[in-house]
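Printed here is final.pdb (PDB, C-alpha atoms):
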```
MODEL        1
ATOM      1  CA  MET A 118      68.350 133.759 -53.525
ATOM      2  CA  PRO A 119      64.717 135.048 -53.706
ATOM      3  CA  ALA A 120      62.511 134.201 -50.708
ATOM      4  CA  SER A 121      60.161 132.040 -52.795
ATOM      5  CA  THR A 122      63.069 130.046 -54.236
ATOM      6  CA  SER A 123      64.584 129.623 -50.784
ATOM      7  CA  ARG A 124      61.284 128.405 -49.343
ATOM      8  CA  ALA A 125      60.807 125.946 -52.233
ATOM      9  CA  SER A 126      64.324 124.631 -51.688
ATOM     10  CA  VAL A 127      63.633 124.072 -47.992
ATOM     11  CA  LEU A 128      60.322 122.303 -48.651
ATOM     12  CA  PHE A 129      61.993 120.099 -51.250
ATOM     13  CA  ALA A 130      64.718 119.233 -48.731
ATOM     14  CA  VAL A 131      62.111 118.342 -46.092
ATOM     15  CA  ALA A 132      60.265 116.092 -48.562
ATOM     16  CA  THR A 133      63.432 114.243 -49.572
ATOM     17  CA  LEU A 134      64.319 113.742 -45.907
ATOM     18  CA  LEU A 135      60.892 112.220 -45.162
ATOM     19  CA  ILE A 136      61.273 109.757 -48.042
ATOM     20  CA  ALA A 137      64.817 108.936 -46.928
ATOM     21  CA  MET A 138      63.741 108.188 -43.343
ATOM     22  CA  SER A 139      60.890 105.949 -44.470
ATOM     23  CA  SER A 140      63.167 104.071 -46.842
ATOM     24  CA  TYR A 141      65.813 103.643 -44.164
ATOM     25  CA  GLN A 142      63.408 102.055 -41.670
ATOM     26  CA  LEU A 143      61.909  99.729 -44.267
ATOM     27  CA  GLY A 144      65.422  98.623 -45.076
ATOM     28  CA  ALA A 145      66.199  98.064 -41.388
ATOM     29  CA  ALA A 146      63.136  95.844 -41.038
ATOM     30  CA  LEU A 147      64.221  93.862 -44.109
ATOM     31  CA  ALA A 148      67.785  93.602 -42.774
ATOM     32  CA  LYS A 149      66.563  91.818 -39.647
ATOM     33  CA  GLN A 150      65.494  88.975 -41.921
ATOM     34  CA  LEU A 151      69.179  88.471 -42.776
ATOM     35  CA  PHE A 152      70.324  88.232 -39.163
ATOM     36  CA  PRO A 153      69.654  84.473 -38.729
ATOM     37  CA  ALA A 154      71.782  83.680 -41.798
ATOM     38  CA  VAL A 155      74.692  86.149 -41.623
ATOM     39  CA  GLY A 156      74.267  88.040 -38.355
ATOM     40  CA  ALA A 157      74.125  91.788 -37.856
ATOM     41  CA  GLN A 158      77.721  92.124 -39.057
ATOM     42  CA  GLY A 159      77.002  90.266 -42.292
ATOM     43  CA  ALA A 160      73.824  92.270 -42.900
ATOM     44  CA  THR A 161      75.818  95.495 -42.508
ATOM     45  CA  ALA A 162      78.421  94.239 -44.979
ATOM     46  CA  CYS A 163      75.724  93.318 -47.520
ATOM     47  CA  ARG A 164      74.018  96.646 -47.117
ATOM     48  CA  LEU A 165      77.067  98.874 -47.444
ATOM     49  CA  GLY A 166      78.973  96.713 -49.921
ATOM     50  CA  LEU A 167      76.109  96.379 -52.398
ATOM     51  CA  GLY A 168      74.986  99.950 -51.718
ATOM     52  CA  ALA A 169      78.445 101.257 -52.608
ATOM     53  CA  LEU A 170      78.553  99.105 -55.762
ATOM     54  CA  ILE A 171      75.158 100.405 -56.919
ATOM     55  CA  LEU A 172      76.147 104.021 -56.315
ATOM     56  CA  LEU A 173      79.500 103.597 -58.075
ATOM     57  CA  LEU A 174      77.833 102.073 -61.142
ATOM     58  CA  VAL A 175      75.103 104.714 -61.303
ATOM     59  CA  ARG A 176      77.087 107.821 -60.385
ATOM     60  CA  ARG A 177      80.582 106.971 -61.743
ATOM     61  CA  PRO A 178      82.060 109.706 -59.547
ATOM     62  CA  TRP A 179      85.629 109.272 -60.794
ATOM     63  CA  ARG A 180      84.641 111.193 -63.933
ATOM     64  CA  ARG A 181      84.199 114.354 -61.860
ATOM     65  CA  TRP A 182      87.120 113.901 -59.488
ATOM     66  CA  GLN A 183      89.300 116.987 -59.018
ATOM     67  CA  ARG A 184      92.704 116.946 -57.433
ATOM     68  CA  GLY A 185      93.335 119.133 -54.420
ATOM     69  CA  ARG A 186      89.961 118.567 -52.746
ATOM     70  CA  ASP A 187      89.971 118.169 -48.987
ATOM     71  CA  LEU A 188      89.591 114.460 -48.181
ATOM     72  CA  ARG A 189      89.459 114.671 -44.387
ATOM     73  CA  ALA A 190      85.734 115.397 -44.131
ATOM     74  CA  LEU A 191      85.006 112.758 -46.802
ATOM     75  CA  TRP A 192      86.912 110.056 -44.943
ATOM     76  CA  GLY A 193      85.352 111.116 -41.645
ATOM     77  CA  TYR A 194      81.902 111.008 -43.254
ATOM     78  CA  GLY A 195      82.504 107.530 -44.668
ATOM     79  CA  LEU A 196      83.943 106.131 -41.447
ATOM     80  CA  ALA A 197      80.982 107.588 -39.535
ATOM     81  CA  ILE A 198      78.570 105.809 -41.909
ATOM     82  CA  GLY A 199      80.375 102.501 -41.484
ATOM     83  CA  ALA A 200      80.645 102.610 -37.701
ATOM     84  CA  MET A 201      77.105 103.973 -37.228
ATOM     85  CA  ASN A 202      75.511 101.224 -39.317
ATOM     86  CA  LEU A 203      77.527  98.436 -37.754
ATOM     87  CA  VAL A 204      76.716  99.309 -34.134
ATOM     88  CA  PHE A 205      73.080 100.106 -34.995
ATOM     89  CA  TYR A 206      72.532  96.682 -36.542
ATOM     90  CA  MET A 207      74.277  95.142 -33.538
ATOM     91  CA  SER A 208      71.700  96.851 -31.322
ATOM     92  CA  LEU A 209      68.807  95.473 -33.403
ATOM     93  CA  ARG A 210      69.737  91.944 -32.374
ATOM     94  CA  THR A 211      68.233  92.504 -28.903
ATOM     95  CA  VAL A 212      66.447  95.895 -28.928
ATOM     96  CA  PRO A 213      63.151  96.585 -30.815
ATOM     97  CA  LEU A 214      63.502  98.784 -33.893
ATOM     98  CA  GLY A 215      61.492 101.749 -32.574
ATOM     99  CA  ILE A 216      63.355 101.844 -29.246
ATOM    100  CA  ALA A 217      66.761 101.404 -30.911
ATOM    101  CA  VAL A 218      66.100 104.364 -33.203
ATOM    102  CA  ALA A 219      64.838 106.437 -30.270
ATOM    103  CA  LEU A 220      68.086 105.765 -28.424
ATOM    104  CA  GLU A 221      70.111 106.450 -31.547
ATOM    105  CA  PHE A 222      68.313 109.754 -31.953
ATOM    106  CA  THR A 223      70.153 111.170 -28.921
ATOM    107  CA  GLY A 224      72.909 112.148 -31.396
ATOM    108  CA  PRO A 225      70.832 114.425 -33.656
ATOM    109  CA  LEU A 226      68.958 115.690 -30.584
ATOM    110  CA  ALA A 227      72.239 116.815 -29.037
ATOM    111  CA  LEU A 228      73.040 118.736 -32.229
ATOM    112  CA  ALA A 229      69.649 120.426 -32.084
ATOM    113  CA  LEU A 230      70.196 121.399 -28.442
ATOM    114  CA  PHE A 231      73.673 122.796 -29.046
ATOM    115  CA  GLY A 232      72.552 124.856 -32.047
ATOM    116  CA  SER A 233      69.363 126.358 -30.580
ATOM    117  CA  ARG A 234      69.005 130.076 -29.975
ATOM    118  CA  ARG A 235      65.301 130.971 -30.199
ATOM    119  CA  LEU A 236      62.631 130.218 -27.612
ATOM    120  CA  GLN A 237      60.475 128.309 -30.082
ATOM    121  CA  ASP A 238      63.398 125.996 -30.810
ATOM    122  CA  PHE A 239      63.436 124.916 -27.185
ATOM    123  CA  VAL A 240      59.671 124.316 -27.309
ATOM    124  CA  TRP A 241      60.110 121.850 -30.184
ATOM    125  CA  ILE A 242      63.088 120.213 -28.498
ATOM    126  CA  ALA A 243      61.119 119.896 -25.242
ATOM    127  CA  LEU A 244      58.394 118.075 -27.188
ATOM    128  CA  VAL A 245      60.995 115.750 -28.668
ATOM    129  CA  VAL A 246      62.440 115.011 -25.231
ATOM    130  CA  ALA A 247      58.961 114.349 -23.845
ATOM    131  CA  GLY A 248      58.207 112.066 -26.762
ATOM    132  CA  LEU A 249      61.412 110.097 -26.305
ATOM    133  CA  LEU A 250      60.775 109.706 -22.584
ATOM    134  CA  LEU A 251      57.336 108.285 -23.336
ATOM    135  CA  LEU A 252      58.630 106.124 -26.159
ATOM    136  CA  LEU A 253      61.320 104.448 -24.097
ATOM    137  CA  PRO A 254      60.203 101.806 -21.568
ATOM    138  CA  LEU A 255      61.488 103.630 -18.484
ATOM    139  CA  ARG A 256      58.734 102.668 -16.044
ATOM    140  CA  GLY A 257      59.023  99.095 -14.855
ATOM    141  CA  GLN A 258      60.175  97.718 -18.216
ATOM    142  CA  ALA A 259      63.737  99.001 -18.436
ATOM    143  CA  HIS A 260      65.062  95.706 -17.074
ATOM    144  CA  ALA A 261      63.733  94.013 -20.208
ATOM    145  CA  LEU A 262      66.133  95.979 -22.398
ATOM    146  CA  ASP A 263      69.479  94.369 -23.092
ATOM    147  CA  PRO A 264      72.133  96.777 -21.715
ATOM    148  CA  VAL A 265      74.644  95.802 -24.411
ATOM    149  CA  GLY A 266      72.068  96.500 -27.109
ATOM    150  CA  VAL A 267      71.280  99.855 -25.490
ATOM    151  CA  MET A 268      74.975 100.786 -25.514
ATOM    152  CA  TYR A 269      75.246  99.856 -29.195
ATOM    153  CA  ALA A 270      72.228 102.072 -29.977
ATOM    154  CA  LEU A 271      73.702 105.002 -28.034
ATOM    155  CA  ALA A 272      77.024 104.531 -29.844
ATOM    156  CA  ALA A 273      75.082 104.701 -33.100
ATOM    157  CA  GLY A 274      73.739 108.064 -31.900
ATOM    158  CA  VAL A 275      77.291 109.392 -31.633
ATOM    159  CA  GLY A 276      77.952 108.135 -35.152
ATOM    160  CA  TRP A 277      74.722 109.761 -36.380
ATOM    161  CA  ALA A 278      75.786 113.157 -35.019
ATOM    162  CA  CYS A 279      79.191 112.804 -36.706
ATOM    163  CA  TYR A 280      77.442 111.761 -39.923
ATOM    164  CA  ILE A 281      75.372 114.963 -39.944
ATOM    165  CA  VAL A 282      78.271 117.335 -39.254
ATOM    166  CA  LEU A 283      80.801 115.643 -41.527
ATOM    167  CA  GLY A 284      78.177 114.980 -44.191
ATOM    168  CA  GLN A 285      77.556 118.706 -44.609
ATOM    169  CA  ARG A 286      81.261 119.367 -44.958
ATOM    170  CA  ALA A 287      81.799 116.495 -47.358
ATOM    171  CA  GLY A 288      78.770 117.561 -49.409
ATOM    172  CA  ALA A 289      80.023 121.149 -49.642
ATOM    173  CA  GLU A 290      83.375 119.903 -50.931
ATOM    174  CA  HIS A 291      82.355 116.969 -53.149
ATOM    175  CA  GLY A 292      78.677 117.578 -53.970
ATOM    176  CA  GLY A 293      76.415 114.611 -54.609
ATOM    177  CA  ASP A 294      79.422 112.349 -55.147
ATOM    178  CA  ALA A 295      80.180 112.569 -51.425
ATOM    179  CA  VAL A 296      77.482 109.941 -50.841
ATOM    180  CA  THR A 297      79.084 107.494 -53.259
ATOM    181  CA  TRP A 298      82.611 107.946 -51.928
ATOM    182  CA  GLY A 299      81.385 107.970 -48.330
ATOM    183  CA  THR A 300      79.421 104.744 -48.754
ATOM    184  CA  SER A 301      82.424 103.141 -50.429
ATOM    185  CA  ILE A 302      84.629 104.092 -47.482
ATOM    186  CA  ALA A 303      81.977 102.736 -45.116
ATOM    187  CA  ALA A 304      82.002  99.451 -47.033
ATOM    188  CA  LEU A 305      85.739  99.172 -46.359
ATOM    189  CA  VAL A 306      84.850  99.179 -42.654
ATOM    190  CA  ALA A 307      81.882  96.796 -42.805
ATOM    191  CA  ILE A 308      82.924  94.143 -45.314
ATOM    192  CA  PRO A 309      85.956  92.765 -43.417
ATOM    193  CA  VAL A 310      83.884  92.578 -40.217
ATOM    194  CA  GLY A 311      81.027  90.854 -42.041
ATOM    195  CA  VAL A 312      83.273  88.328 -43.779
ATOM    196  CA  ALA A 313      85.073  87.541 -40.525
ATOM    197  CA  HIS A 314      81.730  86.869 -38.818
ATOM    198  CA  ALA A 315      79.634  85.182 -41.515
ATOM    199  CA  GLY A 316      82.271  83.633 -43.781
ATOM    200  CA  SER A 317      81.004  81.921 -46.939
ATOM    201  CA  ALA A 318      77.360  82.338 -45.853
ATOM    202  CA  LEU A 319      77.693  85.960 -46.911
ATOM    203  CA  PHE A 320      77.914  84.849 -50.566
ATOM    204  CA  ASN A 321      74.839  82.612 -50.587
ATOM    205  CA  PRO A 322      72.907  83.459 -53.818
ATOM    206  CA  ALA A 323      69.594  82.869 -52.029
ATOM    207  CA  LEU A 324      70.267  85.922 -49.861
ATOM    208  CA  LEU A 325      70.961  88.242 -52.806
ATOM    209  CA  PRO A 326      67.379  89.578 -53.263
ATOM    210  CA  PHE A 327      67.164  90.482 -49.566
ATOM    211  CA  ALA A 328      70.659  91.972 -49.596
ATOM    212  CA  LEU A 329      69.917  94.085 -52.675
ATOM    213  CA  GLY A 330      66.687  95.323 -51.104
ATOM    214  CA  VAL A 331      68.523  96.315 -47.940
ATOM    215  CA  ALA A 332      71.282  98.017 -49.948
ATOM    216  CA  VAL A 333      68.835 100.118 -51.960
ATOM    217  CA  LEU A 334      66.368 100.938 -49.171
ATOM    218  CA  SER A 335      68.908 101.546 -46.408
ATOM    219  CA  SER A 336      71.936 102.974 -48.220
ATOM    220  CA  ALA A 337      71.806 103.951 -51.894
ATOM    221  CA  LEU A 338      68.420 105.714 -51.827
ATOM    222  CA  PRO A 339      68.266 107.343 -48.356
ATOM    223  CA  TYR A 340      71.876 108.554 -48.284
ATOM    224  CA  SER A 341      71.460 110.186 -51.692
ATOM    225  CA  LEU A 342      68.266 111.903 -50.558
ATOM    226  CA  GLU A 343      69.738 112.913 -47.197
ATOM    227  CA  MET A 344      72.660 114.597 -48.926
ATOM    228  CA  ILE A 345      70.149 116.830 -50.724
ATOM    229  CA  ALA A 346      68.652 117.776 -47.357
ATOM    230  CA  LEU A 347      72.054 118.190 -45.684
ATOM    231  CA  THR A 348      73.102 120.798 -48.232
ATOM    232  CA  ARG A 349      69.855 122.769 -47.986
ATOM    233  CA  LEU A 350      69.040 122.779 -44.264
ATOM    234  CA  PRO A 351      70.854 124.114 -41.197
ATOM    235  CA  THR A 352      72.411 121.428 -39.002
ATOM    236  CA  ARG A 353      70.020 122.288 -36.138
ATOM    237  CA  SER A 354      66.948 121.987 -38.331
ATOM    238  CA  PHE A 355      68.163 118.805 -39.999
ATOM    239  CA  GLY A 356      68.848 117.241 -36.599
ATOM    240  CA  THR A 357      65.470 118.163 -35.161
ATOM    241  CA  LEU A 358      63.567 117.067 -38.267
ATOM    242  CA  LEU A 359      65.128 113.663 -37.795
ATOM    243  CA  SER A 360      62.941 113.398 -34.692
ATOM    244  CA  LEU A 361      60.453 111.741 -37.019
ATOM    245  CA  GLU A 362      62.814 108.782 -37.302
ATOM    246  CA  PRO A 363      61.734 107.036 -34.046
ATOM    247  CA  ALA A 364      58.084 107.502 -34.973
ATOM    248  CA  ILE A 365      58.591 106.019 -38.433
ATOM    249  CA  ALA A 366      60.638 103.168 -36.948
ATOM    250  CA  ALA A 367      57.906 102.422 -34.409
ATOM    251  CA  LEU A 368      55.266 102.303 -37.150
ATOM    252  CA  VAL A 369      57.420 100.005 -39.291
ATOM    253  CA  GLY A 370      58.018  97.823 -36.233
ATOM    254  CA  VAL A 371      54.278  97.506 -35.679
ATOM    255  CA  ALA A 372      53.445  96.861 -39.331
ATOM    256  CA  LEU A 373      56.276  94.509 -40.314
ATOM    257  CA  LEU A 374      57.884  93.138 -37.162
ATOM    258  CA  GLY A 375      54.938  92.750 -34.798
ATOM    259  CA  GLU A 376      56.369  95.173 -32.213
ATOM    260  CA  HIS A 377      53.276  96.517 -30.435
ATOM    261  CA  LEU A 378      53.157  99.948 -28.818
ATOM    262  CA  SER A 379      51.402 101.164 -25.685
ATOM    263  CA  LEU A 380      49.118 104.201 -25.559
ATOM    264  CA  LEU A 381      51.905 106.306 -24.036
ATOM    265  CA  GLN A 382      54.216 105.319 -26.874
ATOM    266  CA  TRP A 383      51.599 106.384 -29.423
ATOM    267  CA  LEU A 384      51.344 109.730 -27.588
ATOM    268  CA  ALA A 385      55.105 109.956 -27.878
ATOM    269  CA  ILE A 386      54.868 109.553 -31.644
ATOM    270  CA  VAL A 387      52.350 112.417 -31.820
ATOM    271  CA  ALA A 388      54.643 114.657 -29.740
ATOM    272  CA  ILE A 389      57.608 113.895 -31.962
ATOM    273  CA  ILE A 390      55.648 114.513 -35.167
ATOM    274  CA  VAL A 391      54.381 117.875 -33.847
ATOM    275  CA  ALA A 392      57.940 118.868 -32.932
ATOM    276  CA  ALA A 393      59.273 117.902 -36.357
ATOM    277  CA  ALA A 394      56.457 119.796 -38.115
ATOM    278  CA  GLY A 395      57.069 122.868 -35.969
ATOM    279  CA  THR A 396      60.734 122.791 -36.829
ATOM    280  CA  ALA A 397      60.005 122.476 -40.544
ATOM    281  CA  VAL A 398      57.721 125.514 -40.428
ATOM    282  CA  SER A 399      60.282 127.571 -38.512
ATOM    283  CA  VAL A 400      63.105 126.949 -41.005
ATOM    284  CA  ARG A 401      63.679 130.159 -42.903
ATOM    285  CA  ARG A 402      66.675 129.572 -45.129
ATOM    286  CA  PRO A 403      69.327 126.976 -45.818
ATOM    287  CA  VAL A 404      72.862 127.471 -44.553
ATOM    288  CA  VAL A 405      74.454 126.808 -47.925
ATOM    289  CA  GLU A 406      73.324 127.088 -51.506
ATOM    290  CA  PRO A 407      72.039 123.885 -53.116
ATOM    291  CA  LEU A 408      74.769 121.864 -54.791
ATOM    292  CA  VAL A 409      74.494 120.765 -58.377
ATOM    293  CA  ASN A 410      76.558 117.767 -59.433
TER     294      ASN A 410
ENDMDL
END
```
Once more with this new file: its structure as structure tokens, please.
Amino acid sequence: MPASTSRASVLFAVATLLIAMSSYQLGAALAKQLFPAVGAQGATACRLGLGALILLLVRRPWRRWQRGRDLRALWGYGLAIGAMNLVFYMSLRTVPLGIAVALEFTGPLALALFGSRRLQDFVWIALVVAGLLLLLPLRGQAHALDPVGVMYALAAGVGWACYIVLGQRAGAEHGGDAVTWGTSIAALVAIPVGVAHAGSALFNPALLPFALGVAVLSSALPYSLEMIALTRLPTRSFGTLLSLEPAIAALVGVALLGEHLSLLQWLAIVAIIVAAAGTAVSVRRPVVEPLVN
């Protein structure tokens, strides 16, 4: 692949990832509006169930199915999506959006740490760590955080790391259809939990516009865009670029949920943005060729 083509592919992947992260956080803010009616479990079921239905109708992946493909990474990818979303929404019941995403980001951050080799990589990661330390209320406010919500957010971080690793493998094997199949598998995890918790309230027609918005903003659109980035960026670079996620979540929390930030938390956002930009500039080539499907 020529250098100019490779660079264009990387920049395109970075742009799609930025749009995906913004969409995801807008969807998370909208999902919190469903919590009083159907709970976090019901909101997860709406999001993944409708998201899977939209993707199946648009993509119709069964037309391109080939026998003999490895299904282990695909099932692992789908189960990671389902578990990650369920525990993340559970954390949002008691933990502010920006802080929950910062805690969840420990998963991608661990991937970035494990995959680093160059000195400049550690500079960007150090900025991310500094930003997260400033973003989290560690000085005199930690008691205000619900420990159960914190554990749910950290569990979502484990799921996020699995999602990145398995998503690359599933994308290499199944192309763009991996998102559709993965989301469908995730729906198999979330829907029974949501129905068991919310019951008939889950099928209230008045909730459909909110549920559709959450499904599109938090599943169908961002997962499709992230798969483009996953197949064009190294795992380390993808994980570190996701450092923008807490910053975007904090901004959405301020704008839509009334979650105010301190000066130190705004400084944290700047540190995280600088780290993500530095990582984007330092990316030289993707690990795999772009997939066409």
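Applied to this file, the PyMOL selection byres ((chain A and resi 165-172) around 8) selects Thr161, Ala162, Cys163, Arg164, Leu173, Leu174, Val175, Arg176, Arg177, Gly199, Thr297, Trp298, Thr300, Ser301, Ala303, Ala304, Ala307, Ile308, Ala328, Leu329, Ala332, Val333, Ser336 and Ala337 of chain A.
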Explicit residues for the PyMOL selection byres ((chain A and resi 190) around 8) (as a list of chain:residue names) | A:Asp187, A:Leu188, A:Arg189, A:Leu191, A:Trp192, A:Gly193, A:Tyr194, A:Leu283, A:Gly284, A:Arg286, A:Ala287
Would you mind listing what lies within 9 Å of Asp238 of chain A as a ChimeraX atom specification, with all atoms listed in the file counted and same-chain residues fewer than 3 positions away left out?
-> /A:229-230,233-235,241-243,395-396,399
What is the distance, in Å and to one decimal place, between atom CA of Ala157 of chain A and atom CA of Tyr206 of chain A?
->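 So the two atoms, atom CA of Ala157 of chain A and atom CA of Tyr206 of chain A, lie 5.3 Å apart.
Restricting the calculation to only C-alpha atoms, the smallest distance between Gln150 of chain A and any of A:Arg181, A:Arg210, A:His377, A:Arg349 is found for A:Arg210.
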Compile the contact shell of segment 245-247 of chain A as number ranges by chain: residues with an atom at most 9 Å away, counting all atoms listed in the file, same-chain residues fewer than 6 positions apart removed.
-> A: 226, 357, 360, 385, 388-393
Run the PyMOL selection byres ((chain A and resi 344) around 8) against the file shown and list the residues it catches, as a list of chain:residue names.
-> A:Gly284, A:Gln285, A:Gly288, A:Gly293, A:Val296, A:Tyr340, A:Ser341, A:Leu342, A:Glu343, A:Ile345, A:Ala346, A:Leu347, A:Thr348
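As for atom CA of Ser354 of chain A and atom CA of Ile216 of chain A, they are spaced 22.4 Å apart.
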Give me, please, the distance in Å between atom CA of Asp294 of chain A and atom CA of Gly276 of chain A, quoted to one decimal.
->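 Atom CA of Asp294 of chain A sits 20.5 Å away from atom CA of Gly276 of chain A.
Shortest atom-to-atom contact with Leu359 of chain A among A:Pro225, A:Gly215, A:Pro309, A:Pro322: A:Pro225, counting all atoms listed in the file.
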Taking into account all atoms listed in the file, which residue in the set A:Ala227, A:Ala323, A:Ala219, A:Ala295 is nearest to Trp182 of chain A?
-> A:Ala295
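With all atoms listed in the file as the basis for measurement, A:Val131 is the residue among A:Val267, A:Leu384, A:Val131, A:Leu368 that approaches Leu350 of chain A most closely.
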Counting only C-alpha atoms, figure out which residue out of A:Cys279, A:Ala146, A:Leu151, A:Leu236 gets nearest to Ala200 of chain A.
->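 Of A:Cys279, A:Ala146, A:Leu151, A:Leu236, the one nearest Ala200 of chain A, counting only C-alpha atoms, is A:Cys279.
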Using all atoms listed in the file, which residues sit within 9 Å of segment 316-319 of chain A once same-chain residues fewer than 4 positions away are excluded, as a VMD selection string?
-> chain A and resid 154 to 155 159 to 160 162 to 163 311 to 312 324
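Distances to Val369 of chain A were evaluated for A:Ala137, A:Leu214, A:Leu249, A:Leu203 using only C-alpha atoms, and the minimum falls at A:Leu214.
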Could you rebuild segment 290-306 of chain A with N, CA, C and O atoms and give me the result as a CSV table (one decimal), in the coordinates of the input?
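As a result, out.csv now contains:
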```csv
chain,number,residue,atom,x,y,z
A,290,GLU,N,82.1,120.1,-50.2
A,290,GLU,CA,83.4,119.9,-50.9
A,290,GLU,C,83.2,119.0,-52.2
A,290,GLU,O,83.8,119.3,-53.2
A,291,HIS,N,82.4,118.0,-52.1
A,291,HIS,CA,82.4,117.0,-53.1
A,291,HIS,C,81.0,116.8,-53.8
A,291,HIS,O,80.8,116.0,-54.7
A,292,GLY,N,80.0,117.6,-53.4
A,292,GLY,CA,78.7,117.6,-54.0
A,292,GLY,C,78.0,116.2,-53.8
A,292,GLY,O,78.2,115.5,-52.8
A,293,GLY,N,77.2,115.9,-54.7
A,293,GLY,CA,76.4,114.6,-54.6
A,293,GLY,C,77.3,113.4,-54.6
A,293,GLY,O,76.9,112.3,-54.1
A,294,ASP,N,78.5,113.5,-55.1
A,294,ASP,CA,79.4,112.3,-55.1
A,294,ASP,C,79.9,112.0,-53.8
A,294,ASP,O,80.5,110.9,-53.6
A,295,ALA,N,79.7,112.9,-52.8
A,295,ALA,CA,80.2,112.6,-51.4
A,295,ALA,C,79.5,111.3,-50.9
A,295,ALA,O,80.1,110.5,-50.2
A,296,VAL,N,78.2,111.1,-51.3
A,296,VAL,CA,77.5,109.9,-50.8
A,296,VAL,C,78.1,108.7,-51.4
A,296,VAL,O,78.3,107.7,-50.7
A,297,THR,N,78.5,108.7,-52.7
A,297,THR,CA,79.1,107.5,-53.3
A,297,THR,C,80.4,107.2,-52.6
A,297,THR,O,80.7,106.0,-52.2
A,298,TRP,N,81.3,108.2,-52.5
A,298,TRP,CA,82.6,107.9,-51.9
A,298,TRP,C,82.5,107.6,-50.5
A,298,TRP,O,83.2,106.7,-50.0
A,299,GLY,N,81.6,108.3,-49.7
A,299,GLY,CA,81.4,108.0,-48.3
A,299,GLY,C,80.9,106.5,-48.1
A,299,GLY,O,81.4,105.9,-47.2
A,300,THR,N,79.9,106.1,-48.9
A,300,THR,CA,79.4,104.7,-48.8
A,300,THR,C,80.5,103.7,-49.1
A,300,THR,O,80.6,102.6,-48.5
A,301,SER,N,81.3,104.0,-50.1
A,301,SER,CA,82.4,103.1,-50.4
A,301,SER,C,83.4,103.0,-49.3
A,301,SER,O,83.9,101.9,-49.0
A,302,ILE,N,83.7,104.1,-48.6
A,302,ILE,CA,84.6,104.1,-47.5
A,302,ILE,C,84.0,103.3,-46.4
A,302,ILE,O,84.7,102.5,-45.7
A,303,ALA,N,82.7,103.5,-46.2
A,303,ALA,CA,82.0,102.7,-45.1
A,303,ALA,C,82.0,101.2,-45.4
A,303,ALA,O,82.1,100.4,-44.5
A,304,ALA,N,81.9,100.9,-46.7
A,304,ALA,CA,82.0,99.5,-47.0
A,304,ALA,C,83.4,98.8,-46.7
A,304,ALA,O,83.4,97.7,-46.3
A,305,LEU,N,84.4,99.6,-46.7
A,305,LEU,CA,85.7,99.2,-46.4
A,305,LEU,C,85.8,98.8,-44.9
A,305,LEU,O,86.6,98.0,-44.5
A,306,VAL,N,84.9,99.5,-44.1
A,306,VAL,CA,84.8,99.2,-42.7
A,306,VAL,C,84.0,97.9,-42.4
A,306,VAL,O,84.4,97.0,-41.6
```
